[in-house]
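Asks: Please see the structure below; I have some questions.
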Amino acid sequence: MTNNFNHNNRMNTPKRYTITAALPYTNGPIHIGHLAGVYVPADIYARYLRLTGNDVAFIGGSDEHGVPITIKAKNEGVTPQDVVDKYHAIIKKSFEDFGITYDNYSRTSAKIHHETASEFFKTLNDKGEFIEETSEQLYDAKANQFLADRFVVGTCPKCGNEESYGDQCENCGTSHNATDLINPKSAITGNVPTLKQTKHWFLPLDRYEAFLKEWILVGHKKDWKPNVYGQVKSWIDDGLRPRAVTRDLDWGIPVPAEGGEGKVLYVWFDAPIGYISSTKEWAAREGKDWEPYWKDKDTKMVHFIGKDNIVFHCIIFPAMLKAEGSYILPENVPANEFLNLEGNKLSTSKNWAVWLPEYLEDFPGQQDVLRYVLTANAPETKDNDFTWKDFQARNNNELVAIFGNFINRVVVLTNKYYDGFVPTPSDLLEIDQETLATLKAYPDVIASSIERYRFREAGQELMNLARLGNKYLADAEPWKVIKVDAERTKTIMYVALQIASALATLSEPFLPFTSTKLKNILLHANLTSEAEWNTIKTKEVLLPAGHKIGEAELLFSKVEDETIQKQLDKLTASKKANEAANKVVEPQKETITFDDFTKLDLRVGTILEAEKMPKAKKLLVLKVDTGIDVRTIVSGIAESFTAEEVVGKKVTVLVNLAPRALRGVESEGMILMTESEDGKLVFVNPDTQNVTNGLAIS
Ligand SMILES: [Zn+2]
């Protein structure tokens, strides 16, 4: 086997970086899980690389083809184009709002993408890289349509999940063919599909087994995340099979080959090519050449994705690139695990999520808080949980109490003591020298974490730098020293100002809005040379004596308990709505005969008296006028009603139930009840009071 890429020698200094972030699927807005898993880490990485002087193309776009969009369009009575136009705009705005600095954000319905994907398919087809095969596919005769991907649900052959989709099981992550499903059902009509012959193009993944083994299992054993490596290994160990790259659908990119009429490219074939077309779009706009970003072996390409996309980015897309022959492969695919919300899996359909547009309505201007908390909690090595309590604690105890407090003290005191001018220091004491030396180490400390895709650790190191500043001020106590030693105070404030200046630069990848604010407060723009990531390590002085800074401005504000409670209440409301919608209706009981029914003697009655059964939480002892007699009935309704409430109620009574003793009281019948959604009991009673006791119900 010949390799046109160089995977065993780690690239020392790449000439440029191509960074891609998973294309969000445009059938809904995006939520915190997407941000934590993919977009914040990708943005931190891209911003850091730009700050350290690298040539970066940070590429993304909307994934606008595939079956779920057509299903949504059908349900809403609009066209698929309407659906993608709506959500593309919402998603794009969320990215802008949260400071995700794409160099280009495109969409797969764009002309340039249709051309690029079409061309890619043709190249592979011409080279004979596909197998054309007429096979039997699931077909819904009632809907007059082949059933692929999400048009069909059934039992996952691997884990037994009964609601697996035709292309992928969301429970175990396995990707499969629709015909692999056990007991398949049409998602359109609910029909059991039949098999019908149709021709498709298959990418024979089995041909790439040796290549993938060598490239990933041997070549990236040490530098890829264990969760990614492990999933890839298990896929390869299971044996790879040909995968269809076309579908019988009308929404998507038409198959550019003979016999391709009425068929489109499989969404998972065209979507990753979207990275290439988005790069082309960017290059054309910027007057650059796109090809080195995809074809030069000195380019480092990194795909940021969630764990549900591992198979597509580590097996299928690389096999496509390899088949094409002129492309490089990713150096790393640092996929994250999933973020949960308050202990439950994030779910669009169950509305169990924090949607980005809603977050901004509730927390205007606080994008950085969410970025910070999601980074601190990023599901880098295992699934992780987002809780509102933790959000509040990280904001109040870290951003406000450490970072914000330190900056505020430095700026306020500099204005108070020196009218905003950086003072001239006198001799530096050991503590000052140590502090400044520690400060100079931070750019490398944070960089090392970022370059190993450990963004949680990197974010905590940034906070540690703020801690260093906070502790320095707390120990040096300039507000006390000023009363006895004016010269020493100048030195203390000078050192603290250097830390503040470094924070303004080093916080940019993590807290971009705060970084901008802080640079404005410190008037970085007026410096002859601004502290840059790498010069912080070498520059003697970041904020020189005599430089004037601006007024203090709060960077973060405390999040109160009520604010958090509101968010928790929102989630509780979602949960209740879900429970109501998903309440399982008990299956019908065995059939009975009419004679069986007439054996029941149901009568209208009235509760005359009621009292609580001593030492029994649930039981009320009732005296009921049944029209036949007044009798005692013990009823398990005390948790829903007080004794006083039920007196005078018209009720339905089963009078010929065999008497039985409950806690020593003989009960002669049963009151009919049902239960409302919130678990409260409800009387099943005649809906008019104009009926008399003893009337039979039949
Ligand atoms: Zn499964």
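Quick note on naming: the chains in the structure tokens go A, B, ... in the order shown, residues restart at 1 in each chain, and ligands are numbered from 1 in order of appearance.
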Could you list, as a tab-separated table (two decimals) with all heavy atoms, in the first residue's frame, all protein and nucleic acid residues with an atom at most 6 Å from ligand 1, counting only C-alpha atoms and all ligand atoms?

Replies:
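part-v1.tsv was written with the following content:
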chain	number	residue	atom	x	y	z
A	156	CYS	N	-32.83	-2.42	16.94
A	156	CYS	CA	-31.40	-2.41	16.62
A	156	CYS	C	-30.85	-3.83	16.72
A	156	CYS	O	-31.04	-4.50	17.73
A	156	CYS	CB	-30.67	-1.49	17.60
A	156	CYS	SG	-28.88	-1.64	17.52
A	158	LYS	N	-27.96	-4.70	17.16
A	158	LYS	CA	-26.82	-4.83	18.07
A	158	LYS	C	-27.25	-4.75	19.53
A	158	LYS	O	-26.82	-5.55	20.35
A	158	LYS	CB	-25.80	-3.73	17.76
A	158	LYS	CG	-24.56	-3.83	18.61
A	158	LYS	CD	-23.31	-3.43	17.86
A	158	LYS	CE	-22.08	-3.71	18.70
A	158	LYS	NZ	-20.88	-3.11	18.17
A	159	CYS	N	-28.10	-3.75	19.89
A	159	CYS	CA	-28.40	-3.56	21.30
A	159	CYS	C	-29.85	-3.84	21.66
A	159	CYS	O	-30.22	-3.82	22.82
A	159	CYS	CB	-28.02	-2.14	21.74
A	159	CYS	SG	-29.19	-0.89	21.20
A	160	GLY	N	-30.71	-4.09	20.65
A	160	GLY	CA	-32.09	-4.42	20.97
A	160	GLY	C	-33.00	-3.22	21.21
A	160	GLY	O	-34.17	-3.38	21.52
A	161	ASN	N	-32.46	-1.99	21.06
A	161	ASN	CA	-33.30	-0.79	21.17
A	161	ASN	C	-34.42	-0.86	20.14
A	161	ASN	O	-34.16	-0.99	18.95
A	161	ASN	CB	-32.40	0.44	20.95
A	161	ASN	CG	-33.19	1.72	20.71
A	161	ASN	OD1	-34.33	1.86	21.18
A	161	ASN	ND2	-32.59	2.64	19.98
A	169	CYS	N	-28.50	3.70	15.28
A	169	CYS	CA	-29.19	3.51	16.55
A	169	CYS	C	-28.69	4.57	17.52
A	169	CYS	O	-27.48	4.65	17.77
A	169	CYS	CB	-28.91	2.12	17.11
A	169	CYS	SG	-29.48	1.91	18.80
A	171	ASN	N	-29.23	4.72	20.57
A	171	ASN	CA	-28.93	4.15	21.88
A	171	ASN	C	-27.49	3.67	21.99
A	171	ASN	O	-26.77	4.04	22.91
A	171	ASN	CB	-29.89	3.00	22.18
A	171	ASN	CG	-29.74	2.49	23.60
A	171	ASN	OD1	-29.79	3.28	24.54
A	171	ASN	ND2	-29.55	1.20	23.76
A	172	CYS	N	-27.03	2.89	21.00
A	172	CYS	CA	-25.68	2.33	21.10
A	172	CYS	C	-24.72	2.97	20.10
A	172	CYS	O	-23.53	2.69	20.12
A	172	CYS	CB	-25.70	0.82	20.92
A	172	CYS	SG	-26.15	0.28	19.27
A	174	THR	N	-24.50	2.53	16.95
A	174	THR	CA	-24.18	1.70	15.79
A	174	THR	C	-24.80	2.27	14.52
A	174	THR	O	-25.93	2.71	14.53
A	174	THR	CB	-24.73	0.28	15.99
A	174	THR	OG1	-24.17	-0.25	17.17
A	174	THR	CG2	-24.36	-0.62	14.83

Asks: Each residue of range 523-628 of chain A lying at most 12 Å from range 488-497 of chain A should get a row with its shortest atom-to-atom pair and the distance in Å to one decimal, counting only C-alpha atoms; could you produce that, ordered by chain and increasing number, as a Markdown table?

Replies:
| residue | atom | partner | partner_atom | distance |
| --- | --- | --- | --- | --- |
| A:His524 | CA | A:Leu497 | CA | 11.9 |
| A:Glu540 | CA | A:Val495 | CA | 11.5 |
| A:Val541 | CA | A:Val495 | CA | 9.6 |
| A:Leu542 | CA | A:Leu497 | CA | 8.5 |
| A:Leu543 | CA | A:Leu497 | CA | 6.9 |
| A:Pro544 | CA | A:Tyr494 | CA | 8.5 |
| A:Ala545 | CA | A:Tyr494 | CA | 7.6 |
| A:Gly546 | CA | A:Tyr494 | CA | 10.4 |
| A:His547 | CA | A:Leu497 | CA | 10.7 |
| A:Lys548 | CA | A:Leu497 | CA | 11.3 |
| A:Ile549 | CA | A:Leu497 | CA | 9.8 |

Asks: Counting only C-alpha atoms, which residues in range 63-152 of chain A sit no more than 8 Å from range 272-279 of chain A? For each one, give the nearest pair of atoms and the distance in Å, sorted by chain then residue number, as CSV.

Replies:
residue,atom,partner,partner_atom,distance
A:Asp63,CA,A:Gly274,CA,7.9
A:Asn104,CA,A:Ser278,CA,6.4
A:Tyr105,CA,A:Ser278,CA,6.8
A:Ser106,CA,A:Ser278,CA,5.4
A:Arg107,CA,A:Gly274,CA,7.4
A:Thr108,CA,A:Gly274,CA,6.0
A:Ile112,CA,A:Ser277,CA,6.2
A:His113,CA,A:Ser277,CA,5.1
A:Thr116,CA,A:Ser277,CA,6.0
A:Ala117,CA,A:Ile273,CA,6.0

Asks: Considering only strand (DSSP E) as DSSP defines it on the backbone, what residues of range 472-637 of chain A qualify? List them as a list in words.

Replies: Leu602, Arg603, Val604, Gly605, Thr606, Ile607, Leu608, Glu609, Ala610, Glu611, Lys612, Leu620, Val621, Leu622, Lys623, Val624, Asp625, Val630, Arg631, Thr632, Ile633, Val634 and Ser635 of chain A

Asks: Go ahead and write the selection's residues with C-alpha atoms as a short mmCIF file (atom, residue, chain, number, x, y, z; two decimals), in the first residue's frame.

Replies:
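The resulting file, out.cif, is reproduced below:
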data_model
loop_
_atom_site.label_atom_id
_atom_site.label_comp_id
_atom_site.auth_asym_id
_atom_site.auth_seq_id
_atom_site.Cartn_x
_atom_site.Cartn_y
_atom_site.Cartn_z
CA LEU A 602 -73.29 0.06 39.76
CA ARG A 603 -75.43 2.70 41.48
CA VAL A 604 -75.56 6.42 42.00
CA GLY A 605 -74.87 7.28 45.63
CA THR A 606 -74.10 10.22 47.92
CA ILE A 607 -71.39 10.45 50.58
CA LEU A 608 -73.13 11.42 53.81
CA GLU A 609 -70.26 11.28 56.30
CA ALA A 610 -66.51 10.88 56.14
CA GLU A 611 -63.70 10.49 58.64
CA LYS A 612 -60.03 9.60 58.51
CA LEU A 620 -61.22 7.50 54.56
CA VAL A 621 -64.16 5.73 56.20
CA LEU A 622 -67.31 6.85 54.36
CA LYS A 623 -71.03 6.50 55.05
CA VAL A 624 -72.71 6.32 51.63
CA ASP A 625 -76.37 6.50 50.75
CA VAL A 630 -76.70 3.62 53.98
CA ARG A 631 -73.50 1.60 54.23
CA THR A 632 -69.87 1.89 55.22
CA ILE A 633 -67.28 2.00 52.47
CA VAL A 634 -63.53 2.34 53.15
CA SER A 635 -61.89 4.26 50.29
#

Asks: For Gly459 in chain A, list every protein, DNA or RNA residue within 7 Å, evaluated using only C-alpha atoms, and leave out those in the same chain fewer than 3 positions away; present the list as a CSV table (one decimal) with N, CA, C and O atoms, in the first residue's frame.

Replies:
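Written output follows (out-v8.csv):
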chain,number,residue,atom,x,y,z
A,375,THR,N,-17.2,24.9,29.2
A,375,THR,CA,-15.8,24.4,29.1
A,375,THR,C,-15.4,23.7,30.3
A,375,THR,O,-14.7,22.7,30.3
A,376,ALA,N,-15.7,24.3,31.5
A,376,ALA,CA,-15.4,23.7,32.8
A,376,ALA,C,-16.0,22.3,32.9
A,376,ALA,O,-15.4,21.5,33.6
A,455,PHE,N,-9.5,21.1,26.9
A,455,PHE,CA,-10.0,22.5,27.1
A,455,PHE,C,-10.5,22.8,28.5
A,455,PHE,O,-10.4,23.9,29.0
A,456,ARG,N,-11.0,21.8,29.2
A,456,ARG,CA,-11.4,22.0,30.6
A,456,ARG,C,-10.2,22.4,31.4
A,456,ARG,O,-10.2,23.4,32.2
A,462,LEU,N,-6.5,29.2,33.0
A,462,LEU,CA,-6.7,30.6,32.9
A,462,LEU,C,-7.3,31.1,34.2
A,462,LEU,O,-6.8,32.2,34.7
A,463,MET,N,-8.2,30.4,34.8
A,463,MET,CA,-8.7,30.8,36.1
A,463,MET,C,-7.6,30.8,37.2
A,463,MET,O,-7.6,31.7,38.1
A,510,PHE,N,-11.3,31.8,25.5
A,510,PHE,CA,-12.4,31.2,26.4
A,510,PHE,C,-13.5,32.2,26.6
A,510,PHE,O,-14.7,31.9,26.6

Asks: So, counting only C-alpha atoms, which residue among A:Phe151, A:Trp282, A:Tyr359, A:Tyr266 is closest to Thr563 in chain A?

Replies: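 Checking each of A:Phe151, A:Trp282, A:Tyr359, A:Tyr266 against Thr563 in chain A, counting only C-alpha atoms, the winner is A:Tyr359.
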
Asks: By how many Å are CA of Leu138 in chain A and CA of Lys196 in chain A apart?

Replies: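 Separation between CA of Leu138 in chain A and CA of Lys196 in chain A: 6.4 Å.
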
Asks: Let me make sure I understand: among A:Ala638, A:Leu465, A:Leu341, A:Ala658, which one has the smallest atom-to-atom distance to Leu568 in chain A if we use only C-alpha atoms?

Replies: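 Checking each of A:Ala638, A:Leu465, A:Leu341, A:Ala658 against Leu568 in chain A, counting only C-alpha atoms, the winner is A:Leu341.
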
Asks: May I ask for the distance between CA of Ala244 in chain A and CA of Glu163 in chain A, given in Å to one decimal place?

Replies: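 Computed distance, CA of Ala244 in chain A to CA of Glu163 in chain A, equals 21.7 Å.
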
Asks: For Arg663 in chain A, find every residue with an atom within 10 Å (counting only C-alpha atoms), except residues of its own chain fewer than 4 positions away, and show them as number ranges by chain.

Replies: A: 613-616, 619, 634, 667

Asks: Can you write just those residues out, all heavy atoms, as a tab-separated table (two decimals), in the first residue's frame?

Replies:
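Dumped to selection_18.tsv:
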chain	number	residue	atom	x	y	z
A	613	MET	N	-59.39	7.30	58.66
A	613	MET	CA	-59.09	6.06	59.39
A	613	MET	C	-57.84	6.34	60.22
A	613	MET	O	-56.82	6.77	59.67
A	613	MET	CB	-58.81	4.96	58.36
A	613	MET	CG	-58.24	3.71	58.93
A	613	MET	SD	-59.50	2.57	59.50
A	613	MET	CE	-59.91	1.71	57.98
A	614	PRO	N	-57.90	6.10	61.54
A	614	PRO	CA	-56.73	6.37	62.36
A	614	PRO	C	-55.52	5.55	61.89
A	614	PRO	O	-55.69	4.38	61.52
A	614	PRO	CB	-57.16	5.94	63.78
A	614	PRO	CG	-58.64	5.82	63.73
A	614	PRO	CD	-59.03	5.55	62.32
A	615	LYS	N	-54.34	6.18	61.88
A	615	LYS	CA	-53.07	5.53	61.52
A	615	LYS	C	-53.05	4.93	60.10
A	615	LYS	O	-52.32	3.98	59.85
A	615	LYS	CB	-52.73	4.42	62.53
A	615	LYS	CG	-52.37	4.97	63.89
A	615	LYS	CD	-52.01	3.83	64.82
A	615	LYS	CE	-52.01	4.28	66.26
A	615	LYS	NZ	-52.22	3.16	67.19
A	616	ALA	N	-53.89	5.43	59.21
A	616	ALA	CA	-53.82	4.97	57.82
A	616	ALA	C	-53.78	6.20	56.94
A	616	ALA	O	-54.73	6.97	56.91
A	616	ALA	CB	-55.03	4.10	57.48
A	619	LEU	N	-56.56	6.11	53.85
A	619	LEU	CA	-57.95	5.65	53.93
A	619	LEU	C	-58.91	6.63	54.58
A	619	LEU	O	-58.62	7.23	55.63
A	619	LEU	CB	-58.01	4.32	54.69
A	619	LEU	CG	-57.17	3.17	54.09
A	619	LEU	CD1	-57.31	1.91	54.94
A	619	LEU	CD2	-57.59	2.89	52.66
A	634	VAL	N	-64.87	1.81	52.87
A	634	VAL	CA	-63.53	2.34	53.15
A	634	VAL	C	-62.87	2.62	51.80
A	634	VAL	O	-62.83	1.75	50.93
A	634	VAL	CB	-62.70	1.34	53.96
A	634	VAL	CG1	-61.31	1.91	54.23
A	634	VAL	CG2	-63.40	1.00	55.27
A	667	SER	N	-65.82	-3.02	54.75
A	667	SER	CA	-66.16	-2.14	53.64
A	667	SER	C	-67.12	-2.88	52.73
A	667	SER	O	-66.83	-3.98	52.28
A	667	SER	CB	-64.88	-1.75	52.89
A	667	SER	OG	-65.21	-0.93	51.80
